[in-house]
Amino acid sequence: MAFGGVQIAYRDSGAVDDTPVVLVHGMGGDGHTWDRFARRLARAGRRVIIPDLRGHGRSAHTDSYRFDEFGADLLLLCERLELRQVDLVGHSLGGYAVSCVAQERPELVRRLVIEECPLPLRSGDEELRLTRRFPTIPELWHATTSLIRHPRAVLAFDRSMTRTALEQFRKPNPEWWDRLSDITSPTLVLRGGPGGMVDPEKLAVLLDLVPDCTVTPFSCGHSIHRDRYREFEAAVIPFLAR
């Protein structure tokens, strides 16, 4: 499906469900990272929609990888599929993308799950203090992809976006923070332990700004749904079933 000239690939289980679950992968991966969780949701009768973000998987490479464009692609997908309400689950960069959808169209989102999303800076002063605490390109690459586990995703990934993504996370984004209060859906944030990428100070601010938000901590690193799948499922399935 083409959005503004960008071809976005997705899979749709096609089940009859008033509120589909949209699963959004992180940077360097593709939709297949969700296969195990998608099967679990399908067994429960949920319709599952799994896109590949631009520059990933079977979706097109582009000249632009602004974070707001990832969110806009997801919103257009929901509109093209004529979805009236969805549950959104996003990991890392996908978590940022689903948060943008929830800010832009709060009435569309019934439940929102954000897994290990690196939170952007709020101000220039903060940028000067925290620059050394941000992951390096090799660290981010190691956290978001694995050649052994997902060779197809690695080969399809447009590596040109890696530096662009880091630049955006290092650049203050006060508008994103200002719009967090627009999110009306119950929101679940999943935070990893050592090796995770969620700054605890910024997470505390997010909790104050999102009206209905809870945090579930895990002991693993950045990829909770991969490395602690059973714990991930135990936290997310009841939340989506409410």
# chains A, B, ... in the order shown; residues from 1 in each chain; ligands from 1
>>> select_by_dssp(residues="chain A", states="strand (DSSP E)", output="NGL selection string")
:A and (2-3 or 6-7 or 10-12 or 21-24 or 48-51 or 86-91 or 109-115 or 187-191 or 213-217)
>>> residues_around(residues="stretch 158-168 of chain A", least_positions_apart="2", cutoff="6 Å", atoms="only C-alpha atoms", output="list in words")
Gly55, Arg170 and Lys171 of chain A
>>> write_last_selection(atoms="N, CA and C atoms", output="PDB file, in the first residue's frame")
ATOM      1  N   GLY A  55      11.654   1.903   5.212  1.00  0.00           N
ATOM      2  CA  GLY A  55      13.067   1.582   5.357  1.00  0.00           C
ATOM      3  C   GLY A  55      13.342   0.252   6.010  1.00  0.00           C
ATOM      4  N   ARG A 170      18.756  13.105  19.881  1.00  0.00           N
ATOM      5  CA  ARG A 170      19.605  14.059  20.573  1.00  0.00           C
ATOM      6  C   ARG A 170      19.079  15.491  20.461  1.00  0.00           C
ATOM      7  N   LYS A 171      18.180  15.718  19.523  1.00  0.00           N
ATOM      8  CA  LYS A 171      17.633  17.059  19.332  1.00  0.00           C
ATOM      9  C   LYS A 171      16.406  17.244  20.219  1.00  0.00           C
TER      10      LYS A 171
END
>>> residues_around(residues="stretch 197-209 of chain A", least_positions_apart="4", cutoff="9 Å", atoms="only C-alpha atoms", output="number ranges by chain")
A: 92, 116-122, 134-135, 177-182, 191-193, 213-215, 221-222
>>> write_last_selection(atoms="C-alpha atoms", output="PDB file, in the first residue's frame")
ATOM      1  CA  SER A  92      11.562   1.311  20.562  1.00  0.00           C
ATOM      2  CA  GLU A 116      11.407   0.527  25.658  1.00  0.00           C
ATOM      3  CA  CYS A 117      11.073   3.748  23.648  1.00  0.00           C
ATOM      4  CA  PRO A 118      14.116   6.043  24.050  1.00  0.00           C
ATOM      5  CA  LEU A 119      12.508   9.290  25.179  1.00  0.00           C
ATOM      6  CA  PRO A 120      13.567  12.441  23.306  1.00  0.00           C
ATOM      7  CA  LEU A 121      15.167  15.435  24.944  1.00  0.00           C
ATOM      8  CA  ARG A 122      12.968  18.208  26.267  1.00  0.00           C
ATOM      9  CA  PHE A 134      22.968   8.492  24.733  1.00  0.00           C
ATOM     10  CA  PRO A 135      23.786   5.195  23.030  1.00  0.00           C
ATOM     11  CA  TRP A 177       6.356  16.404  25.292  1.00  0.00           C
ATOM     12  CA  ASP A 178       3.692  19.128  25.102  1.00  0.00           C
ATOM     13  CA  ARG A 179       1.333  16.768  23.263  1.00  0.00           C
ATOM     14  CA  LEU A 180       1.603  13.849  25.683  1.00  0.00           C
ATOM     15  CA  SER A 181      -1.371  15.211  27.597  1.00  0.00           C
ATOM     16  CA  ASP A 182      -3.448  14.749  24.399  1.00  0.00           C
ATOM     17  CA  ARG A 191      10.810  -0.409  30.792  1.00  0.00           C
ATOM     18  CA  GLY A 192      13.864  -2.651  30.658  1.00  0.00           C
ATOM     19  CA  GLY A 193      16.627  -2.894  33.219  1.00  0.00           C
ATOM     20  CA  CYS A 213      -0.343   5.716  32.419  1.00  0.00           C
ATOM     21  CA  THR A 214       1.341   2.862  34.269  1.00  0.00           C
ATOM     22  CA  VAL A 215       4.881   1.458  34.050  1.00  0.00           C
ATOM     23  CA  GLY A 221      17.528  -4.995  28.311  1.00  0.00           C
ATOM     24  CA  HIS A 222      16.001  -3.260  25.319  1.00  0.00           C
TER      25      HIS A 222
END
>>> residues_around(residues="stretch 58-63 of chain A", least_positions_apart="5", cutoff="6 Å", atoms="only C-alpha atoms", output="mmCIF file with all heavy atoms, in the first residue's frame")
data_model
loop_
_atom_site.group_PDB
_atom_site.id
_atom_site.type_symbol
_atom_site.label_atom_id
_atom_site.label_comp_id
_atom_site.auth_asym_id
_atom_site.auth_seq_id
_atom_site.Cartn_x
_atom_site.Cartn_y
_atom_site.Cartn_z
ATOM 1 N N GLN A 7 5.820 3.045 -0.318
ATOM 2 C CA GLN A 7 5.153 1.757 -0.244
ATOM 3 C C GLN A 7 5.346 1.157 1.145
ATOM 4 O O GLN A 7 6.473 0.927 1.580
ATOM 5 C CB GLN A 7 5.719 0.805 -1.302
ATOM 6 C CG GLN A 7 4.890 -0.451 -1.527
ATOM 7 C CD GLN A 7 3.625 -0.188 -2.330
ATOM 8 O OE1 GLN A 7 3.548 0.803 -3.043
ATOM 9 N NE2 GLN A 7 2.651 -1.071 -2.223
ATOM 10 N N ILE A 8 4.234 0.938 1.854
ATOM 11 C CA ILE A 8 4.269 0.360 3.194
ATOM 12 C C ILE A 8 3.661 -1.041 3.148
ATOM 13 O O ILE A 8 2.495 -1.207 2.786
ATOM 14 C CB ILE A 8 3.509 1.237 4.216
ATOM 15 C CG1 ILE A 8 4.129 2.630 4.303
ATOM 16 C CG2 ILE A 8 3.493 0.555 5.585
ATOM 17 C CD1 ILE A 8 5.554 2.658 4.812
ATOM 18 N N ALA A 9 4.452 -2.034 3.515
ATOM 19 C CA ALA A 9 3.977 -3.415 3.542
ATOM 20 C C ALA A 9 3.393 -3.731 4.911
ATOM 21 O O ALA A 9 3.851 -3.209 5.931
ATOM 22 C CB ALA A 9 5.120 -4.366 3.224
ATOM 23 N N ASP A 52 5.501 -3.138 8.278
ATOM 24 C CA ASP A 52 6.933 -2.878 8.262
ATOM 25 C C ASP A 52 7.100 -1.368 8.096
ATOM 26 O O ASP A 52 6.567 -0.782 7.145
ATOM 27 C CB ASP A 52 7.625 -3.581 7.088
ATOM 28 C CG ASP A 52 7.704 -5.092 7.251
ATOM 29 O OD1 ASP A 52 7.609 -5.561 8.399
ATOM 30 O OD2 ASP A 52 7.849 -5.794 6.231
#
>>> residues_around(residues="stretch 233-238 of chain A", least_positions_apart="4", cutoff="12 Å", atoms="only C-alpha atoms", output="short mmCIF file (atom, residue, chain, number, x, y, z; two decimals) with N, CA and C atoms, in the first residue's frame")
data_model
loop_
_atom_site.label_atom_id
_atom_site.label_comp_id
_atom_site.auth_asym_id
_atom_site.auth_seq_id
_atom_site.Cartn_x
_atom_site.Cartn_y
_atom_site.Cartn_z
N VAL A 21 -5.44 -5.15 16.80
CA VAL A 21 -4.18 -4.82 17.47
C VAL A 21 -3.13 -4.57 16.39
N TRP A 34 7.25 -9.85 15.83
CA TRP A 34 6.02 -10.02 16.60
C TRP A 34 5.32 -11.36 16.35
N ARG A 36 5.43 -14.47 17.34
CA ARG A 36 4.96 -15.28 18.47
C ARG A 36 3.79 -14.61 19.18
N PHE A 37 3.92 -13.31 19.42
CA PHE A 37 2.85 -12.59 20.11
C PHE A 37 1.61 -12.50 19.22
N ALA A 38 1.81 -12.35 17.92
CA ALA A 38 0.68 -12.29 16.99
C ALA A 38 -0.12 -13.58 17.01
N ARG A 39 0.56 -14.71 17.08
CA ARG A 39 -0.15 -15.99 17.15
C ARG A 39 -0.97 -16.08 18.44
N ARG A 40 -0.41 -15.58 19.52
CA ARG A 40 -1.15 -15.59 20.79
C ARG A 40 -2.41 -14.74 20.70
N LEU A 41 -2.30 -13.58 20.11
CA LEU A 41 -3.45 -12.70 19.94
C LEU A 41 -4.49 -13.33 19.02
N ALA A 42 -4.02 -13.97 17.95
CA ALA A 42 -4.94 -14.58 17.00
C ALA A 42 -5.73 -15.71 17.65
N ARG A 43 -5.07 -16.47 18.52
CA ARG A 43 -5.77 -17.55 19.22
C ARG A 43 -6.87 -17.00 20.11
N ALA A 44 -6.72 -15.77 20.55
CA ALA A 44 -7.74 -15.13 21.39
C ALA A 44 -8.81 -14.45 20.54
N ARG A 46 -8.30 -12.07 18.21
CA ARG A 46 -8.01 -10.69 17.85
C ARG A 46 -7.55 -10.58 16.40
N ASP A 87 -5.92 -1.01 19.12
CA ASP A 87 -4.94 -1.10 20.19
C ASP A 87 -3.57 -1.03 19.52
N LEU A 88 -2.68 -0.20 20.04
CA LEU A 88 -1.36 -0.02 19.45
C LEU A 88 -0.28 -0.54 20.40
N VAL A 89 0.63 -1.32 19.85
CA VAL A 89 1.78 -1.83 20.61
C VAL A 89 3.02 -1.51 19.79
N GLY A 90 3.96 -0.76 20.39
CA GLY A 90 5.16 -0.38 19.65
C GLY A 90 6.42 -0.56 20.47
N ARG A 111 -6.20 1.29 23.50
CA ARG A 111 -5.14 0.95 24.43
C ARG A 111 -3.80 1.22 23.74
N LEU A 112 -2.82 1.67 24.53
CA LEU A 112 -1.52 2.03 23.98
C LEU A 112 -0.43 1.35 24.82
N VAL A 113 0.45 0.59 24.15
CA VAL A 113 1.57 -0.07 24.83
C VAL A 113 2.86 0.44 24.19
N ILE A 114 3.74 0.99 25.02
CA ILE A 114 5.02 1.52 24.55
C ILE A 114 6.13 0.74 25.23
N GLU A 115 6.87 -0.03 24.44
CA GLU A 115 7.93 -0.88 24.97
C GLU A 115 9.30 -0.25 24.70
N THR A 187 -2.52 3.80 29.00
CA THR A 187 -1.20 3.59 28.40
C THR A 187 -0.34 2.75 29.34
N LEU A 188 0.33 1.76 28.76
CA LEU A 188 1.24 0.90 29.50
C LEU A 188 2.64 1.08 28.93
N VAL A 189 3.57 1.49 29.78
CA VAL A 189 4.97 1.64 29.38
C VAL A 189 5.77 0.49 29.95
N LEU A 190 6.50 -0.21 29.10
CA LEU A 190 7.35 -1.32 29.52
C LEU A 190 8.79 -0.83 29.50
N ARG A 191 9.44 -0.93 30.65
CA ARG A 191 10.81 -0.41 30.79
C ARG A 191 11.77 -1.55 31.14
N THR A 214 0.66 3.70 33.29
CA THR A 214 1.34 2.86 34.27
C THR A 214 2.63 2.33 33.65
N VAL A 215 3.59 1.98 34.50
CA VAL A 215 4.88 1.46 34.05
C VAL A 215 5.09 0.07 34.64
N THR A 216 5.52 -0.85 33.80
CA THR A 216 5.91 -2.18 34.26
C THR A 216 7.40 -2.37 33.97
N PRO A 217 8.21 -2.57 35.02
CA PRO A 217 9.66 -2.75 34.82
C PRO A 217 10.01 -4.22 34.57
N PHE A 218 11.09 -4.42 33.83
CA PHE A 218 11.61 -5.75 33.55
C PHE A 218 13.11 -5.75 33.85
N ILE A 224 12.30 -6.46 25.28
CA ILE A 224 11.57 -7.22 26.30
C ILE A 224 10.76 -8.34 25.67
N HIS A 225 10.05 -8.04 24.58
CA HIS A 225 9.17 -9.06 23.99
C HIS A 225 9.95 -10.22 23.41
N ARG A 226 11.22 -10.02 23.12
CA ARG A 226 12.07 -11.11 22.63
C ARG A 226 12.74 -11.86 23.77
N ASP A 227 13.32 -11.13 24.72
CA ASP A 227 14.16 -11.74 25.74
C ASP A 227 13.41 -12.18 27.00
N ARG A 228 12.23 -11.62 27.23
CA ARG A 228 11.40 -12.01 28.37
C ARG A 228 9.96 -12.18 27.88
N TYR A 229 9.80 -13.05 26.89
CA TYR A 229 8.50 -13.13 26.22
C TYR A 229 7.37 -13.46 27.17
N ARG A 242 -8.76 -5.56 28.77
CA ARG A 242 -9.65 -4.78 29.65
C ARG A 242 -10.78 -4.14 28.86
#
>>> closest_residue(among="A:Leu81, A:Val6, A:Val86, A:Leu53", to="A:Arg105", atoms="only C-alpha atoms")
A:Val86
>>> atom_distance(atom1="atom CA of A:Leu75", atom2="atom CA of A:Gly95")
13.7 Å
>>> residues_around(residues="A:Leu77", least_positions_apart="4", cutoff="9 Å", atoms="only C-alpha atoms", output="list in words")
Met1, Phe3, Ile8, Tyr10, Pro51, Ala72, Asp73, Leu81, Glu82 and Leu83 of chain A
>>> closest_residue(among="A:Gly57, A:Gly45, A:Pro186, A:Gly71", to="A:Gly14", atoms="only C-alpha atoms")
A:Gly45
>>> atom_distance(atom1="atom CA of A:His56", atom2="atom CA of A:Asp18")
28.1 Å
>>> closest_residue(among="A:Leu155, A:Ser185, A:Asp30, A:Phe67", to="A:Pro106", atoms="only C-alpha atoms")
A:Ser185
>>> closest_residue(among="A:Pro194, A:Arg110, A:Ala241, A:Glu79", to="A:Cys220", atoms="only C-alpha atoms")
A:Pro194
